[in-house]
>>> print(open('work30.cif').read())   # mmCIF, C-alpha atoms and all ligand atoms
data_coords
loop_
_atom_site.label_atom_id
_atom_site.label_comp_id
_atom_site.auth_asym_id
_atom_site.auth_seq_id
_atom_site.Cartn_x
_atom_site.Cartn_y
_atom_site.Cartn_z
CA MET T 11 0.00 0.00 0.00
CA LEU T 12 2.68 2.45 1.07
CA ASP T 13 4.97 1.15 -1.69
CA GLN T 14 2.26 1.72 -4.27
CA TYR T 15 1.78 5.26 -2.99
CA ALA T 16 5.52 5.93 -3.30
CA LEU T 17 5.52 4.43 -6.81
CA VAL T 18 2.66 6.61 -8.05
CA ASP T 19 4.17 9.64 -6.34
CA ALA T 20 7.54 9.05 -8.02
CA GLN T 21 6.10 8.44 -11.49
CA PHE T 22 3.36 11.09 -11.43
CA PRO T 23 4.40 13.73 -8.87
CA TRP T 24 1.41 15.89 -9.85
CA PHE T 25 -1.16 13.17 -9.15
CA PHE T 26 -1.71 13.52 -5.39
CA PRO T 27 -1.44 17.33 -5.29
CA LEU T 28 -3.93 17.60 -8.16
CA PHE T 29 -6.23 15.17 -6.37
CA ALA T 30 -5.97 17.26 -3.16
CA PHE T 31 -6.97 20.41 -5.09
CA ILE T 32 -9.91 18.78 -6.89
CA PHE T 33 -11.06 17.12 -3.67
CA GLY T 34 -10.82 20.51 -1.91
CA ALA T 35 -12.82 22.26 -4.64
CA ALA T 36 -15.55 19.60 -4.33
CA ILE T 37 -15.62 20.03 -0.54
CA GLY T 38 -15.73 23.80 -1.12
CA SER T 39 -18.85 23.28 -3.22
CA PHE T 40 -20.42 21.50 -0.23
CA LEU T 41 -19.23 24.29 2.12
CA ASN T 42 -21.13 26.78 -0.06
CA VAL T 43 -24.28 24.79 0.67
CA CYS T 44 -23.46 24.70 4.41
CA ILE T 45 -22.77 28.46 4.52
CA TYR T 46 -26.07 29.21 2.80
CA ARG T 47 -28.33 26.67 4.52
CA ILE T 48 -27.07 26.10 8.08
CA PRO T 49 -27.95 29.60 9.40
CA LYS T 50 -31.44 29.09 7.92
CA GLU T 51 -31.64 25.69 9.68
CA VAL T 52 -32.31 23.90 6.38
CA SER T 53 -30.90 20.40 5.79
CA VAL T 54 -27.60 20.45 3.88
CA ILE T 55 -28.46 17.15 2.16
CA THR T 56 -32.04 17.52 0.93
CA PRO T 57 -33.25 19.02 -1.29
CA PRO T 58 -30.35 18.72 -3.79
CA SER T 59 -28.86 21.91 -5.28
CA HIS T 60 -31.47 23.99 -7.02
CA CYS T 61 -31.62 27.41 -8.63
CA ALA T 62 -33.33 30.38 -6.97
CA CYS T 63 -36.15 29.90 -9.54
CA GLY T 64 -36.76 26.40 -8.13
CA LYS T 65 -35.38 24.30 -11.00
CA PRO T 66 -32.85 21.60 -10.04
CA ILE T 67 -29.24 22.18 -11.13
CA ALA T 68 -27.82 19.41 -13.36
CA TRP T 69 -24.53 17.81 -12.31
CA TYR T 70 -22.70 19.25 -15.33
CA ASP T 71 -23.76 22.74 -14.25
CA ASN T 72 -22.58 22.04 -10.71
CA VAL T 73 -18.89 21.25 -11.34
CA PRO T 74 -16.82 23.26 -8.84
CA ILE T 75 -15.25 26.47 -10.26
CA LEU T 76 -15.56 25.37 -13.94
CA SER T 77 -19.36 25.52 -14.26
CA TRP T 78 -19.46 29.05 -12.92
CA ILE T 79 -16.83 30.11 -15.49
CA PHE T 80 -18.50 28.32 -18.43
CA LEU T 81 -21.93 29.72 -17.54
CA ARG T 82 -20.34 33.14 -16.83
CA GLY T 83 -22.05 33.22 -13.43
CA LYS T 84 -25.60 32.89 -14.81
CA ALA T 85 -28.06 30.06 -14.26
CA ARG T 86 -28.79 28.00 -17.41
CA CYS T 87 -32.50 27.79 -16.59
CA CYS T 88 -33.45 31.42 -15.99
CA GLY T 89 -30.29 33.51 -16.36
CA GLN T 90 -30.25 34.66 -12.74
CA GLY T 91 -26.79 35.60 -11.52
CA PHE T 92 -24.81 33.38 -9.17
CA SER T 93 -22.51 35.19 -6.76
CA VAL T 94 -18.82 35.12 -7.66
CA ARG T 95 -18.35 34.04 -4.03
CA TYR T 96 -19.29 30.44 -4.93
CA PRO T 97 -16.31 29.75 -7.22
CA ILE T 98 -14.06 31.81 -4.93
CA ILE T 99 -14.89 29.59 -1.92
CA GLU T 100 -14.39 26.47 -4.08
CA ALA T 101 -11.00 27.70 -5.29
CA LEU T 102 -9.99 28.80 -1.79
CA THR T 103 -10.86 25.40 -0.30
CA GLY T 104 -9.01 23.65 -3.16
CA LEU T 105 -5.89 25.76 -2.62
CA LEU T 106 -5.91 25.28 1.16
CA PHE T 107 -6.33 21.49 0.76
CA LEU T 108 -3.44 21.49 -1.73
CA LEU T 109 -1.36 23.49 0.75
CA CYS T 110 -2.19 20.96 3.50
CA TRP T 111 -1.02 18.12 1.26
CA LEU T 112 2.21 19.86 0.24
CA SER T 113 3.08 21.17 3.72
CA PHE T 114 2.39 18.31 6.13
CA VAL T 115 2.70 14.55 6.67
CA PRO T 116 -0.52 12.79 5.58
CA GLY T 117 -2.03 12.59 9.11
CA LYS T 118 -1.61 16.29 9.83
CA ALA T 119 -2.75 17.08 6.26
CA VAL T 120 -6.09 15.32 6.88
CA ALA T 121 -6.57 17.12 10.21
CA GLY T 122 -5.59 20.39 8.50
CA MET T 123 -8.25 19.89 5.81
CA PHE T 124 -10.90 19.63 8.54
CA PHE T 125 -9.48 22.78 10.17
CA CYS T 126 -9.62 24.73 6.89
CA ALA T 127 -13.18 23.60 6.13
CA ILE T 128 -14.40 24.60 9.62
CA MET T 129 -12.65 28.00 9.46
CA ILE T 130 -14.10 28.76 5.99
CA CYS T 131 -17.66 27.95 7.09
CA ALA T 132 -17.35 29.87 10.36
CA SER T 133 -15.87 32.94 8.62
CA PHE T 134 -18.40 33.27 5.82
CA ILE T 135 -21.41 32.62 8.06
CA ASP T 136 -20.05 35.25 10.48
CA LEU T 137 -19.66 37.71 7.56
CA ASP T 138 -23.25 37.08 6.44
CA GLU T 139 -25.09 36.75 9.74
CA MET T 140 -22.77 38.11 12.46
CA ILE T 141 -23.09 34.80 14.30
CA ILE T 142 -21.09 31.59 14.23
CA PRO T 143 -23.24 28.47 14.76
CA ASP T 144 -22.15 26.16 17.61
CA ARG T 145 -21.60 23.26 15.26
CA PHE T 146 -18.50 25.04 13.91
CA THR T 147 -17.18 26.46 17.19
CA ILE T 148 -17.98 23.72 19.71
CA GLY T 149 -18.02 21.18 16.87
CA GLY T 150 -14.62 22.49 15.76
CA PHE T 151 -13.27 22.11 19.29
CA VAL T 152 -14.54 18.51 19.57
CA SER T 153 -13.27 17.53 16.11
CA GLY T 154 -9.91 19.13 16.96
CA LEU T 155 -9.62 16.89 20.04
CA LEU T 156 -10.66 13.78 18.09
CA LEU T 157 -8.27 14.52 15.22
CA ALA T 158 -5.44 15.17 17.69
CA LEU T 159 -6.18 11.73 19.16
CA ALA T 160 -6.27 10.02 15.75
CA PHE T 161 -3.36 11.95 14.19
CA PRO T 162 -0.81 12.97 16.87
CA SER T 163 1.28 14.51 14.07
CA LEU T 164 -1.25 17.39 14.21
CA HIS T 165 0.66 18.63 17.24
CA GLY T 166 4.08 17.43 16.11
CA PHE T 167 4.19 14.03 17.81
CA ALA T 168 5.61 11.16 15.79
CA GLY T 169 2.97 8.64 16.82
CA ASN T 170 5.57 5.93 17.40
CA ILE T 171 4.57 5.20 20.96
CA TYR T 172 1.08 5.19 19.62
CA LEU T 173 -1.33 5.74 22.45
CA LEU T 174 1.05 7.88 24.52
CA ASP T 175 1.69 10.29 21.65
CA SER T 176 -2.03 10.45 20.96
CA LEU T 177 -2.71 11.42 24.58
CA ARG T 178 0.06 14.03 24.51
CA SER T 179 -1.45 15.46 21.34
CA VAL T 180 -4.90 15.67 22.96
CA VAL T 181 -3.38 17.47 25.97
CA VAL T 182 -1.83 20.07 23.63
CA ALA T 183 -5.19 20.51 21.88
CA MET T 184 -6.95 20.88 25.24
CA GLN T 185 -4.41 23.46 26.48
CA GLY T 186 -4.83 25.40 23.25
CA ALA T 187 -8.60 25.49 23.54
CA LEU T 188 -8.59 26.51 27.22
CA VAL T 189 -5.88 29.18 26.94
CA GLY T 190 -7.39 30.62 23.75
CA SER T 191 -10.97 30.82 25.02
CA ALA T 192 -10.01 32.06 28.47
CA LEU T 193 -7.77 34.81 27.12
CA VAL T 194 -10.27 36.09 24.58
CA LEU T 195 -13.04 35.92 27.21
CA TRP T 196 -11.04 38.10 29.61
CA ILE T 197 -10.09 40.56 26.86
CA GLY T 198 -13.77 40.76 25.92
CA LEU T 199 -14.85 41.34 29.52
CA LEU T 200 -12.20 44.07 30.00
CA ALA T 201 -13.21 45.77 26.75
CA GLU T 202 -16.82 45.66 27.89
CA VAL T 203 -15.91 47.53 31.08
CA VAL T 204 -13.82 50.10 29.19
CA LEU T 205 -16.17 50.67 26.24
CA ARG T 206 -19.34 50.14 28.32
CA LYS T 207 -20.84 47.97 25.60
CA GLU T 208 -20.54 44.42 24.40
CA ALA T 209 -17.25 44.31 22.50
CA MET T 210 -16.91 40.68 21.57
CA GLY T 211 -19.45 37.97 20.94
CA PHE T 212 -19.41 34.71 22.85
CA GLY T 213 -19.12 33.02 19.45
CA ASP T 214 -15.57 34.41 19.20
CA VAL T 215 -14.68 32.84 22.56
CA LYS T 216 -15.91 29.45 21.35
CA LEU T 217 -14.21 29.87 17.96
CA LEU T 218 -10.90 30.45 19.76
CA GLY T 219 -11.48 27.11 21.51
CA ALA T 220 -11.67 25.44 18.10
CA ILE T 221 -8.59 27.27 16.81
CA GLY T 222 -6.68 26.31 19.97
CA ALA T 223 -7.59 22.63 19.58
CA PHE T 224 -5.97 22.63 16.12
CA CYS T 225 -3.11 25.08 16.70
CA GLY T 226 -2.17 24.67 20.39
CA TRP T 227 -2.01 27.52 22.89
CA LYS T 228 0.74 29.44 21.09
CA GLY T 229 -1.33 29.42 17.91
CA ALA T 230 -4.41 30.51 19.86
CA VAL T 231 -2.60 33.43 21.51
CA PHE T 232 -1.14 34.42 18.14
CA SER T 233 -4.62 34.29 16.57
CA ILE T 234 -6.00 36.80 19.08
CA PHE T 235 -3.29 39.37 18.45
CA GLY T 236 -2.92 38.60 14.76
CA GLY T 237 -6.72 38.74 14.46
CA ALA T 238 -6.78 42.14 16.19
CA ILE T 239 -4.20 43.47 13.70
CA LEU T 240 -6.14 42.05 10.74
CA GLY T 241 -9.32 43.47 12.32
CA THR T 242 -7.83 46.94 12.57
CA ILE T 243 -6.89 46.77 8.90
CA GLY T 244 -10.40 45.44 8.14
CA VAL T 245 -12.10 48.31 10.01
CA GLY T 246 -9.84 50.81 8.23
CA VAL T 247 -10.75 49.42 4.81
CA TYR T 248 -14.44 49.32 5.82
CA LEU T 249 -14.42 52.97 6.94
CA VAL T 250 -12.73 54.08 3.70
CA PHE T 251 -15.31 52.15 1.65
CA ARG T 252 -18.16 53.68 3.63
CA LEU T 253 -16.71 57.15 3.12
CA PHE T 254 -16.64 56.60 -0.66
CA ALA T 255 -20.14 55.11 -0.61
CA LYS T 256 -21.43 58.23 1.21
CA ASP T 257 -19.73 60.58 -1.26
CA ASN T 258 -21.35 58.66 -4.11
CA ASP T 259 -24.74 58.91 -2.43
CA LYS T 260 -24.40 62.67 -2.18
CA GLU T 261 -23.36 62.97 -5.81
CA ALA T 262 -26.23 60.75 -6.92
CA ASN T 263 -28.91 62.70 -5.01
CA PRO T 264 -27.61 66.26 -4.65
CA SER T 265 -31.09 67.60 -3.95
CA VAL T 266 -31.67 65.35 -0.97
CA GLU T 267 -30.72 67.19 2.14
CA THR T 268 -28.41 65.18 4.32
CA SER T 269 -29.86 64.99 7.78
CA VAL T 270 -27.84 66.83 10.36
CA LYS T 271 -26.25 64.50 12.83
CA THR T 272 -25.29 65.31 16.38
CA ASP T 273 -21.79 64.53 17.53
CA ALA T 274 -23.15 61.78 19.75
CA GLU T 275 -24.76 60.05 16.77
CA VAL T 276 -21.53 60.27 14.78
CA ASP T 277 -19.64 58.83 17.75
CA GLU T 278 -22.16 56.03 17.95
CA GLU T 279 -21.71 55.26 14.25
CA GLN T 280 -17.93 55.30 14.50
CA SER T 281 -17.84 52.95 17.45
CA ASP T 282 -20.36 50.65 15.76
CA ALA T 283 -17.68 50.07 13.16
CA LEU T 284 -15.53 48.54 15.91
CA ILE T 285 -14.48 44.96 15.50
CA GLY T 286 -17.29 42.61 16.40
CA LYS T 287 -20.06 45.04 15.50
CA GLN T 288 -20.27 45.76 11.78
CA VAL T 289 -16.98 44.09 11.00
CA PRO T 290 -17.17 40.56 12.44
CA PHE T 291 -14.13 39.34 14.36
CA GLY T 292 -14.54 35.63 13.52
CA PRO T 293 -13.01 35.82 10.00
CA MET T 294 -10.01 37.73 11.38
CA LEU T 295 -9.42 35.12 14.10
CA ALA T 296 -9.80 32.32 11.53
CA ALA T 297 -7.43 34.01 9.06
CA ALA T 298 -4.81 34.52 11.78
CA GLY T 299 -5.23 30.88 12.89
CA LEU T 300 -4.69 29.66 9.31
CA LEU T 301 -1.65 31.93 8.91
CA TYR T 302 -0.16 30.35 12.03
CA PHE T 303 -1.08 26.81 10.97
CA PHE T 304 0.51 27.05 7.52
CA PHE T 305 3.22 29.69 7.60
CA LEU T 306 4.09 31.25 10.94
CA HIS T 307 4.10 28.39 13.48
CA ARG T 308 7.88 27.99 13.54
CA GLN T 309 8.59 31.71 13.98
CA VAL T 310 5.83 32.20 16.58
CA ASP T 311 6.86 29.12 18.58
CA ARG T 312 10.50 30.26 18.58
CA TYR T 313 9.37 33.70 19.77
CA PHE T 314 7.47 32.13 22.70
CA ALA T 315 10.50 29.95 23.53
CA ASP T 316 12.69 33.07 23.65
CA ILE T 317 10.24 34.78 26.02
CA ALA T 318 10.22 31.69 28.24
CA ILE T 319 14.03 31.77 28.43
CA LEU T 320 13.97 35.49 29.32
CA LEU T 321 11.37 34.90 32.05
CA SER T 322 13.24 31.98 33.61
CA PHE T 323 16.14 34.25 34.58
ZN ZN N 401 -33.14 29.29 -12.47
#
>>> encode(input="work30.cif", output="structure tokens")
Amino acid sequence: MLDQYALVDAQFPWFFPLFAFIFGAAIGSFLNVCIYRIPKEVSVITPPSHCACGKPIAWYDNVPILSWIFLRGKARCCGQGFSVRYPIIEALTGLLFLLCWLSFVPGKAVAGMFFCAIMICASFIDLDEMIIPDRFTIGGFVSGLLLALAFPSLHGFAGNIYLLDSLRSVVVAMQGALVGSALVLWIGLLAEVVLRKEAMGFGDVKLLGAIGAFCGWKGAVFSIFGGAILGTIGVGVYLVFRLFAKDNDKEANPSVETSVKTDAEVDEEQSDALIGKQVPFGPMLAAAGLLYFFFLHRQVDRYFADIAILLSF
């Protein structure tokens, strides 16, 4: 079995990576369904994919990424537009699955694919609805623990001493979840006292538990601060966009008098743009978690090790 894998890999080095991408794109197609249906509490299995006009979508019009391109984003039945977000999520999932395959040993790659799928769903539902359903946060935490048990390589254990390494891996996942959730909970509570309004949703606390189970406590801590930096950039971009949108409104309807706003109202609007209000924090946390998982874990872990050495003197 392993020999055959090595043989195929040596003869056709593109085979497994290509398979990982296509598999990811197909999963991405399913994630689109989850993102659309789960917040509405509709089954993700029945009814099968159908157009907004009610007609079922044929399999050849439902091929990830390609169908959208061939149909130029319009339904074959009635010409209604499909959001460009569908192929983007399919391509994103495909690329992340490919990255998992190329970056990690097979066990960690499988766990990583679950992590990516959960983060994509949580992020896009949070963007749409400003909530993250429990099945991705608490479900993510539970699947993180189970995957750590099944694939100790998720947390860097060889898995030679099988059960022992599995238990060690679960302990790391547990630590990550607890440290991540606790820290973000305390930051949220402090911010609530300072800003005198709810600053962070409880969904973010639970999401950090899921990120910690996959990334360990260093990854969870990094996600909070990395997420805050990404969030600040996100709010900045959002405010600039809103400024342009307002200018356009004024140009479009010059006769309409803009209502005079009191300073308090303007303040209110500005602070509503804070992370967690109009710009959801979940996607930022997820993006930072994925950055750690794929690219920054070595640097971040070394940084924490250096701090530990400094503190021990
Ligand atoms: Zn239609």
>>> closest_atom_pairs(input="work30.cif", of="chain T", to="ligand ZN 401 (chain N)", cutoff="12 Å", atoms="all atoms listed in the file", output="CSV")
residue,atom,partner,partner_atom,distance
T:Ser59,CA,N:ZN401,ZN,11.2
T:His60,CA,N:ZN401,ZN,7.8
T:Cys61,CA,N:ZN401,ZN,4.5
T:Ala62,CA,N:ZN401,ZN,5.6
T:Cys63,CA,N:ZN401,ZN,4.2
T:Gly64,CA,N:ZN401,ZN,6.3
T:Lys65,CA,N:ZN401,ZN,5.7
T:Pro66,CA,N:ZN401,ZN,8.1
T:Ile67,CA,N:ZN401,ZN,8.2
T:Ala68,CA,N:ZN401,ZN,11.3
T:Asp71,CA,N:ZN401,ZN,11.6
T:Gly83,CA,N:ZN401,ZN,11.8
T:Lys84,CA,N:ZN401,ZN,8.7
T:Ala85,CA,N:ZN401,ZN,5.4
T:Arg86,CA,N:ZN401,ZN,6.7
T:Cys87,CA,N:ZN401,ZN,4.4
T:Cys88,CA,N:ZN401,ZN,4.1
T:Gly89,CA,N:ZN401,ZN,6.4
T:Gln90,CA,N:ZN401,ZN,6.1
T:Gly91,CA,N:ZN401,ZN,9.0
T:Phe92,CA,N:ZN401,ZN,9.8
>>> residues_around(input="work30.cif", residues="stretch 184-189 of chain T", least_positions_apart="4", cutoff="8 Å", atoms="all atoms listed in the file", output="PyMOL selection string")
chain T and resi 151+155+180+193+218-231
>>> atom_distance(input="work30.cif", atom1="atom CA of T:Ala298", atom2="atom CA of T:Val247")
17.5 Å
>>> residues_near_point(input="work30.cif", point="(-12.7, 24.4, 10.1)", cutoff="12 Å", atoms="only C-alpha atoms", output="count of residues only")
50
>>> atom_distance(input="work30.cif", atom1="atom CA of T:Ala20", atom2="atom CA of T:Ala160")
27.5 Å
>>> atom_distance(input="work30.cif", atom1="atom CA of T:Lys207", atom2="atom CA of T:Leu195")
14.4 Å
>>> axis_aligned_box(input="work30.cif", around="stretch 79-82 of chain T", padding_each_side="8 Å", output="lines of an AutoDock Vina configuration file")
center_x = -19.4
center_y = 30.7
center_z = -17.0
size_x = 21.1
size_y = 20.8
size_z = 18.9
>>> closest_residue(input="work30.cif", among="T:Phe80, T:Tyr302, T:Phe161, T:Phe291", to="T:Lys118", atoms="all atoms listed in the file")
T:Phe161
>>> residues_near_point(input="work30.cif", point="(-22.8, 21.5, 2.6)", cutoff="12 Å", atoms="all atoms listed in the file", output="PDB file with C-alpha atoms, in the frame of the given file")
ATOM      1  CA  ALA T  36     -15.550  19.600  -4.330  1.00  0.00           C
ATOM      2  CA  ILE T  37     -15.620  20.030  -0.540  1.00  0.00           C
ATOM      3  CA  GLY T  38     -15.730  23.800  -1.120  1.00  0.00           C
ATOM      4  CA  SER T  39     -18.850  23.280  -3.220  1.00  0.00           C
ATOM      5  CA  PHE T  40     -20.420  21.500  -0.230  1.00  0.00           C
ATOM      6  CA  LEU T  41     -19.230  24.290   2.120  1.00  0.00           C
ATOM      7  CA  ASN T  42     -21.130  26.780  -0.060  1.00  0.00           C
ATOM      8  CA  VAL T  43     -24.280  24.790   0.670  1.00  0.00           C
ATOM      9  CA  CYS T  44     -23.460  24.700   4.410  1.00  0.00           C
ATOM     10  CA  ILE T  45     -22.770  28.460   4.520  1.00  0.00           C
ATOM     11  CA  TYR T  46     -26.070  29.210   2.800  1.00  0.00           C
ATOM     12  CA  ARG T  47     -28.330  26.670   4.520  1.00  0.00           C
ATOM     13  CA  ILE T  48     -27.070  26.100   8.080  1.00  0.00           C
ATOM     14  CA  PRO T  49     -27.950  29.600   9.400  1.00  0.00           C
ATOM     15  CA  VAL T  52     -32.310  23.900   6.380  1.00  0.00           C
ATOM     16  CA  SER T  53     -30.900  20.400   5.790  1.00  0.00           C
ATOM     17  CA  VAL T  54     -27.600  20.450   3.880  1.00  0.00           C
ATOM     18  CA  ILE T  55     -28.460  17.150   2.160  1.00  0.00           C
ATOM     19  CA  THR T  56     -32.040  17.520   0.930  1.00  0.00           C
ATOM     20  CA  PRO T  57     -33.250  19.020  -1.290  1.00  0.00           C
ATOM     21  CA  PRO T  58     -30.350  18.720  -3.790  1.00  0.00           C
ATOM     22  CA  SER T  59     -28.860  21.910  -5.280  1.00  0.00           C
ATOM     23  CA  GLU T 100     -14.390  26.470  -4.080  1.00  0.00           C
ATOM     24  CA  ALA T 127     -13.180  23.600   6.130  1.00  0.00           C
ATOM     25  CA  ILE T 128     -14.400  24.600   9.620  1.00  0.00           C
ATOM     26  CA  ILE T 130     -14.100  28.760   5.990  1.00  0.00           C
ATOM     27  CA  CYS T 131     -17.660  27.950   7.090  1.00  0.00           C
TER      28      CYS T 131
END
>>> closest_residue(input="work30.cif", among="T:Glu208, T:Tyr15, T:Arg95, T:Ile317", to="T:Asp138", atoms="only C-alpha atoms")
T:Arg95
>>> closest_residue(input="work30.cif", among="T:Leu173, T:Ile99, T:Val194, T:Leu28", to="T:Gly213", atoms="all atoms listed in the file")
T:Val194
>>> closest_residue(input="work30.cif", among="T:Pro162, T:Gly236, T:Ile98, T:Tyr70", to="T:Ala35", atoms="all atoms listed in the file")
T:Ile98
>>> residues_around(input="work30.cif", residues="T:Gly169", least_positions_apart="4", cutoff="12 Å", atoms="only C-alpha atoms", output="CSV table (one decimal) with C-alpha atoms, keeping the file's coordinate frame")
chain,number,residue,atom,x,y,z
T,115,VAL,CA,2.7,14.6,6.7
T,117,GLY,CA,-2.0,12.6,9.1
T,118,LYS,CA,-1.6,16.3,9.8
T,158,ALA,CA,-5.4,15.2,17.7
T,159,LEU,CA,-6.2,11.7,19.2
T,160,ALA,CA,-6.3,10.0,15.8
T,161,PHE,CA,-3.4,12.0,14.2
T,162,PRO,CA,-0.8,13.0,16.9
T,163,SER,CA,1.3,14.5,14.1
T,164,LEU,CA,-1.2,17.4,14.2
T,165,HIS,CA,0.7,18.6,17.2
T,173,LEU,CA,-1.3,5.7,22.4
T,174,LEU,CA,1.0,7.9,24.5
T,175,ASP,CA,1.7,10.3,21.6
T,176,SER,CA,-2.0,10.4,21.0
T,177,LEU,CA,-2.7,11.4,24.6
T,178,ARG,CA,0.1,14.0,24.5
T,179,SER,CA,-1.4,15.5,21.3
